[in-house]
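Peer 1: Data: target.pdb, PDB, C-alpha atoms, pLDDT in the B column.
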```
ATOM      1  CA  MET O  12     -54.132  25.709  43.895  1.00 54.00           C
ATOM      2  CA  VAL O  13     -57.861  25.380  44.678  1.00 50.00           C
ATOM      3  CA  VAL O  14     -60.414  28.021  43.844  1.00 52.00           C
ATOM      4  CA  ASN O  15     -63.894  27.855  45.381  1.00 49.00           C
ATOM      5  CA  PHE O  16     -66.849  29.378  43.641  1.00 49.00           C
ATOM      6  CA  CYS O  17     -70.609  29.195  44.009  1.00 47.00           C
ATOM      7  CA  ILE O  18     -73.243  28.601  41.397  1.00 49.00           C
ATOM      8  CA  ASP O  19     -75.874  31.311  41.628  1.00 51.00           C
ATOM      9  CA  LYS O  20     -78.522  29.652  39.540  1.00 53.00           C
ATOM     10  CA  THR O  21     -78.874  26.062  38.441  1.00 52.00           C
ATOM     11  CA  LYS O  22     -81.071  24.652  35.756  1.00 56.00           C
ATOM     12  CA  GLY O  23     -84.154  23.110  37.330  1.00 55.00           C
ATOM     13  CA  ALA O  24     -85.214  23.037  40.932  1.00 58.00           C
ATOM     14  CA  SER O  25     -82.647  21.930  43.488  1.00 64.00           C
ATOM     15  CA  LYS O  26     -83.332  20.956  47.083  1.00 71.00           C
ATOM     16  CA  LYS O  27     -79.748  21.733  48.166  1.00 73.00           C
ATOM     17  CA  SER O  28     -78.876  25.064  49.687  1.00 72.00           C
ATOM     18  CA  LEU O  29     -76.557  27.469  47.875  1.00 67.00           C
ATOM     19  CA  GLU O  30     -73.624  26.592  50.157  1.00 68.00           C
ATOM     20  CA  GLU O  31     -73.946  22.887  49.347  1.00 72.00           C
ATOM     21  CA  ARG O  32     -73.918  23.590  45.617  1.00 72.00           C
ATOM     22  CA  SER O  33     -70.409  25.103  45.578  1.00 72.00           C
ATOM     23  CA  LYS O  34     -67.746  23.419  43.453  1.00 74.00           C
ATOM     24  CA  ASN O  35     -63.963  23.259  43.523  1.00 76.00           C
ATOM     25  CA  LEU O  36     -61.727  24.211  40.625  1.00 80.00           C
ATOM     26  CA  HIS O  37     -58.249  22.643  40.639  1.00 83.00           C
ATOM     27  CA  VAL O  38     -55.341  24.140  38.689  1.00 85.00           C
ATOM     28  CA  SER O  39     -52.427  21.840  37.905  1.00 90.00           C
ATOM     29  CA  LYS O  40     -49.022  22.758  39.342  1.00 92.00           C
ATOM     30  CA  THR O  41     -47.416  21.340  36.196  1.00 93.00           C
ATOM     31  CA  PHE O  42     -49.558  23.668  34.074  1.00 92.00           C
ATOM     32  CA  LEU O  43     -48.553  26.705  36.144  1.00 93.00           C
ATOM     33  CA  ARG O  44     -44.845  25.776  35.924  1.00 94.00           C
ATOM     34  CA  GLN O  45     -45.007  25.221  32.137  1.00 95.00           C
ATOM     35  CA  ARG O  46     -46.944  28.453  31.672  1.00 94.00           C
ATOM     36  CA  GLN O  47     -44.278  30.423  33.548  1.00 95.00           C
ATOM     37  CA  GLU O  48     -41.500  28.806  31.464  1.00 95.00           C
ATOM     38  CA  MET O  49     -43.406  29.669  28.299  1.00 94.00           C
ATOM     39  CA  GLN O  50     -43.797  33.302  29.392  1.00 94.00           C
ATOM     40  CA  VAL O  51     -40.038  33.564  29.974  1.00 94.00           C
ATOM     41  CA  ARG O  52     -39.306  32.151  26.487  1.00 92.00           C
ATOM     42  CA  ILE O  53     -41.853  34.409  24.784  1.00 90.00           C
ATOM     43  CA  GLN O  54     -40.559  37.565  26.489  1.00 92.00           C
ATOM     44  CA  SER O  55     -36.875  36.822  25.778  1.00 91.00           C
ATOM     45  CA  GLU O  56     -35.028  38.667  22.991  1.00 88.00           C
ATOM     46  CA  GLU O  57     -35.180  35.633  20.705  1.00 86.00           C
ATOM     47  CA  GLY O  58     -38.892  35.099  21.430  1.00 87.00           C
ATOM     48  CA  ILE O  59     -39.739  38.701  20.546  1.00 86.00           C
ATOM     49  CA  LEU O  60     -37.746  38.411  17.320  1.00 83.00           C
ATOM     50  CA  LEU O  61     -39.459  35.148  16.323  1.00 81.00           C
ATOM     51  CA  ARG O  62     -42.927  36.549  17.056  1.00 82.00           C
ATOM     52  CA  ALA O  63     -42.256  39.664  14.971  1.00 78.00           C
ATOM     53  CA  ASN O  64     -41.115  37.611  11.986  1.00 74.00           C
ATOM     54  CA  ARG O  65     -43.879  35.011  12.338  1.00 72.00           C
ATOM     55  CA  SER O  66     -46.586  37.656  12.042  1.00 64.00           C
ATOM     56  CA  ILE O  67     -45.158  38.644   8.654  1.00 64.00           C
ATOM     57  CA  GLN O  68     -44.691  35.147   7.236  1.00 63.00           C
ATOM     58  CA  VAL O  69     -47.905  33.345   8.218  1.00 62.00           C
ATOM     59  CA  GLU O  70     -50.390  35.859   6.828  1.00 71.00           C
ATOM     60  CA  GLY O  71     -48.707  35.857   3.437  1.00 75.00           C
ATOM     61  CA  ALA O  72     -48.856  32.065   3.143  1.00 78.00           C
ATOM     62  CA  PHE O  73     -52.592  31.921   3.831  1.00 77.00           C
ATOM     63  CA  GLY O  74     -53.203  34.799   1.449  1.00 78.00           C
ATOM     64  CA  VAL O  75     -51.392  32.964  -1.362  1.00 80.00           C
ATOM     65  CA  LEU O  76     -53.291  29.735  -0.670  1.00 80.00           C
ATOM     66  CA  LYS O  77     -56.659  31.448  -0.657  1.00 78.00           C
ATOM     67  CA  GLU O  78     -56.290  34.085  -3.345  1.00 77.00           C
ATOM     68  CA  ASP O  79     -53.618  32.914  -5.779  1.00 79.00           C
ATOM     69  CA  MET O  80     -54.226  29.165  -5.566  1.00 79.00           C
ATOM     70  CA  GLY O  81     -58.004  29.509  -5.160  1.00 82.00           C
ATOM     71  CA  PHE O  82     -58.217  27.260  -2.086  1.00 83.00           C
ATOM     72  CA  ARG O  83     -61.471  27.746  -0.215  1.00 82.00           C
ATOM     73  CA  ARG O  84     -62.363  24.377   1.330  1.00 87.00           C
ATOM     74  CA  PHE O  85     -61.183  20.809   1.646  1.00 86.00           C
ATOM     75  CA  LEU O  86     -62.699  18.439  -0.902  1.00 85.00           C
ATOM     76  CA  MET O  87     -62.289  15.238   1.138  1.00 85.00           C
ATOM     77  CA  ARG O  88     -63.837  14.178   4.419  1.00 91.00           C
ATOM     78  CA  GLY O  89     -62.115  12.487   7.298  1.00 92.00           C
ATOM     79  CA  LYS O  90     -59.093  13.467   9.314  1.00 92.00           C
ATOM     80  CA  VAL O  91     -56.569  11.400   7.333  1.00 93.00           C
ATOM     81  CA  LYS O  92     -57.853  12.526   3.925  1.00 92.00           C
ATOM     82  CA  VAL O  93     -57.920  16.192   4.956  1.00 91.00           C
ATOM     83  CA  GLN O  94     -54.369  15.872   6.284  1.00 93.00           C
ATOM     84  CA  ILE O  95     -53.223  14.333   2.973  1.00 92.00           C
ATOM     85  CA  GLU O  96     -54.949  17.090   1.020  1.00 90.00           C
ATOM     86  CA  PHE O  97     -53.319  19.744   3.200  1.00 89.00           C
ATOM     87  CA  VAL O  98     -49.867  18.170   2.770  1.00 91.00           C
ATOM     88  CA  LEU O  99     -50.329  18.184  -1.020  1.00 91.00           C
ATOM     89  CA  LEU O 100     -51.432  21.813  -0.873  1.00 89.00           C
ATOM     90  CA  CYS O 101     -48.335  22.726   1.194  1.00 88.00           C
ATOM     91  CA  MET O 102     -46.074  20.868  -1.219  1.00 92.00           C
ATOM     92  CA  GLY O 103     -47.593  22.802  -4.118  1.00 89.00           C
ATOM     93  CA  TYR O 104     -47.086  26.072  -2.254  1.00 88.00           C
ATOM     94  CA  ASN O 105     -43.430  25.233  -1.487  1.00 89.00           C
ATOM     95  CA  LEU O 106     -42.724  24.133  -5.076  1.00 91.00           C
ATOM     96  CA  ASN O 107     -44.240  27.346  -6.396  1.00 89.00           C
ATOM     97  CA  LYS O 108     -42.140  29.381  -3.949  1.00 85.00           C
ATOM     98  CA  PHE O 109     -38.976  27.456  -4.877  1.00 89.00           C
ATOM     99  CA  HIS O 110     -39.697  27.918  -8.611  1.00 92.00           C
ATOM    100  CA  ASN O 111     -40.080  31.678  -8.124  1.00 88.00           C
ATOM    101  CA  LYS O 112     -36.791  31.790  -6.187  1.00 86.00           C
ATOM    102  CA  ILE O 113     -34.970  29.969  -8.989  1.00 88.00           C
ATOM    103  CA  GLN O 114     -36.462  32.248 -11.646  1.00 90.00           C
ATOM    104  CA  SER O 115     -35.475  35.411  -9.810  1.00 87.00           C
ATOM    105  CA  GLY O 116     -31.957  34.164  -8.951  1.00 83.00           C
ATOM    106  CA  ARG O 117     -32.429  34.302  -5.178  1.00 79.00           C
ATOM    107  CA  CYS O 118     -31.338  30.754  -4.299  1.00 78.00           C
ATOM    108  CA  GLY O 119     -29.407  30.596  -1.041  1.00 74.00           C
ATOM    109  CA  THR O 120     -30.974  33.768   0.383  1.00 71.00           C
ATOM    110  CA  PHE O 121     -33.658  34.210   3.027  1.00 68.00           C
ATOM    111  CA  LEU O 122     -37.108  35.575   2.233  1.00 61.00           C
ATOM    112  CA  HIS O 123     -37.296  37.465   5.531  1.00 66.00           C
ATOM    113  CA  ILE O 124     -34.121  38.506   7.294  1.00 70.00           C
ATOM    114  CA  PRO O 125     -34.691  38.488  11.074  1.00 66.00           C
ATOM    115  CA  LYS O 126     -35.027  42.015  12.386  1.00 68.00           C
ATOM    116  CA  ALA O 127     -33.177  43.276  15.417  1.00 68.00           C
ATOM    117  CA  SER O 128     -35.589  44.617  18.007  1.00 58.00           C
TER     118      SER O 128
END
```
Represent the structure of the file as structure tokens.
Peer 2:
Amino acid sequence: MVVNFCIDKTKGASKKSLEERSKNLHVSKTFLRQRQEMQVRIQSEEGILLRANRSIQVEGAFGVLKEDMGFRRFLMRGKVKVQIEFVLLCMGYNLNKFHNKIQSGRCGTFLHIPKAS
């Protein structure tokens, strides 16, 4: 798929005419095929169910990290160090969640039961 478009205004003076300044935009066929497959998966019954439950679960996790655990920013610099710090933070979150499950006697049960749409 090729889409032609023209640039109305360029930065600086150009001696080329407007027709000569047009550019081509190429869209990958692989991208279009994968996008269509993704749309089918998202709009399926299972996809709708997973999206509905994800919206509930993710917000709560970030709220706990920010408010209850007081996490505002990473202390280390560098991709590897930030990743290590995030893994430690996630482990702490999961241990805290597991501890609360043990204390309340809910081991072996799900936090969110998938809803039927």
Peer 1: Can you list what the PyMOL selection byres ((chain O and resi 100) around 12) grabs from this structure, as a PDB file with C-alpha atoms, keeping the file's coordinate frame?
Peer 2:
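Okay, result_0.pdb is ready:
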```pdb
ATOM      1  CA  ALA O  72     -48.856  32.065   3.143  1.00 78.00           C
ATOM      2  CA  PHE O  73     -52.592  31.921   3.831  1.00 77.00           C
ATOM      3  CA  VAL O  75     -51.392  32.964  -1.362  1.00 80.00           C
ATOM      4  CA  LEU O  76     -53.291  29.735  -0.670  1.00 80.00           C
ATOM      5  CA  LYS O  77     -56.659  31.448  -0.657  1.00 78.00           C
ATOM      6  CA  MET O  80     -54.226  29.165  -5.566  1.00 79.00           C
ATOM      7  CA  GLY O  81     -58.004  29.509  -5.160  1.00 82.00           C
ATOM      8  CA  PHE O  82     -58.217  27.260  -2.086  1.00 83.00           C
ATOM      9  CA  ARG O  83     -61.471  27.746  -0.215  1.00 82.00           C
ATOM     10  CA  ARG O  84     -62.363  24.377   1.330  1.00 87.00           C
ATOM     11  CA  PHE O  85     -61.183  20.809   1.646  1.00 86.00           C
ATOM     12  CA  LEU O  86     -62.699  18.439  -0.902  1.00 85.00           C
ATOM     13  CA  VAL O  93     -57.920  16.192   4.956  1.00 91.00           C
ATOM     14  CA  GLN O  94     -54.369  15.872   6.284  1.00 93.00           C
ATOM     15  CA  ILE O  95     -53.223  14.333   2.973  1.00 92.00           C
ATOM     16  CA  GLU O  96     -54.949  17.090   1.020  1.00 90.00           C
ATOM     17  CA  PHE O  97     -53.319  19.744   3.200  1.00 89.00           C
ATOM     18  CA  VAL O  98     -49.867  18.170   2.770  1.00 91.00           C
ATOM     19  CA  LEU O  99     -50.329  18.184  -1.020  1.00 91.00           C
ATOM     20  CA  CYS O 101     -48.335  22.726   1.194  1.00 88.00           C
ATOM     21  CA  MET O 102     -46.074  20.868  -1.219  1.00 92.00           C
ATOM     22  CA  GLY O 103     -47.593  22.802  -4.118  1.00 89.00           C
ATOM     23  CA  TYR O 104     -47.086  26.072  -2.254  1.00 88.00           C
ATOM     24  CA  ASN O 105     -43.430  25.233  -1.487  1.00 89.00           C
ATOM     25  CA  LEU O 106     -42.724  24.133  -5.076  1.00 91.00           C
ATOM     26  CA  ASN O 107     -44.240  27.346  -6.396  1.00 89.00           C
TER      27      ASN O 107
END
```
Peer 1: Pick from O:Ser55, O:Asn64, O:Thr41, O:Gln50: nearest to Ile124 (chain O), with all atoms listed in the file counted?
Peer 2: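 Residue with the minimum atom-to-atom distance to Ile124 (chain O): O:Asn64.
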Peer 1: Report the distance between CA of Gly116 (chain O) and CA of Gly71 (chain O) in Å, rounded to one decimal place.
Peer 2: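 According to the coordinates, CA of Gly116 (chain O) and CA of Gly71 (chain O) are separated by 20.9 Å.
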Peer 1: Can you work out the spacing between CA of Gln45 (chain O) and CA of Glu70 (chain O) in Å, to one decimal?
Peer 2: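 Separating CA of Gln45 (chain O) from CA of Glu70 (chain O) is a distance of 28.0 Å.
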Peer 1: For the atom pair CA of Ser39 (chain O) and CA of Val51 (chain O), what is the interatomic distance in Å to one decimal place?
Peer 2: 18.8 Å
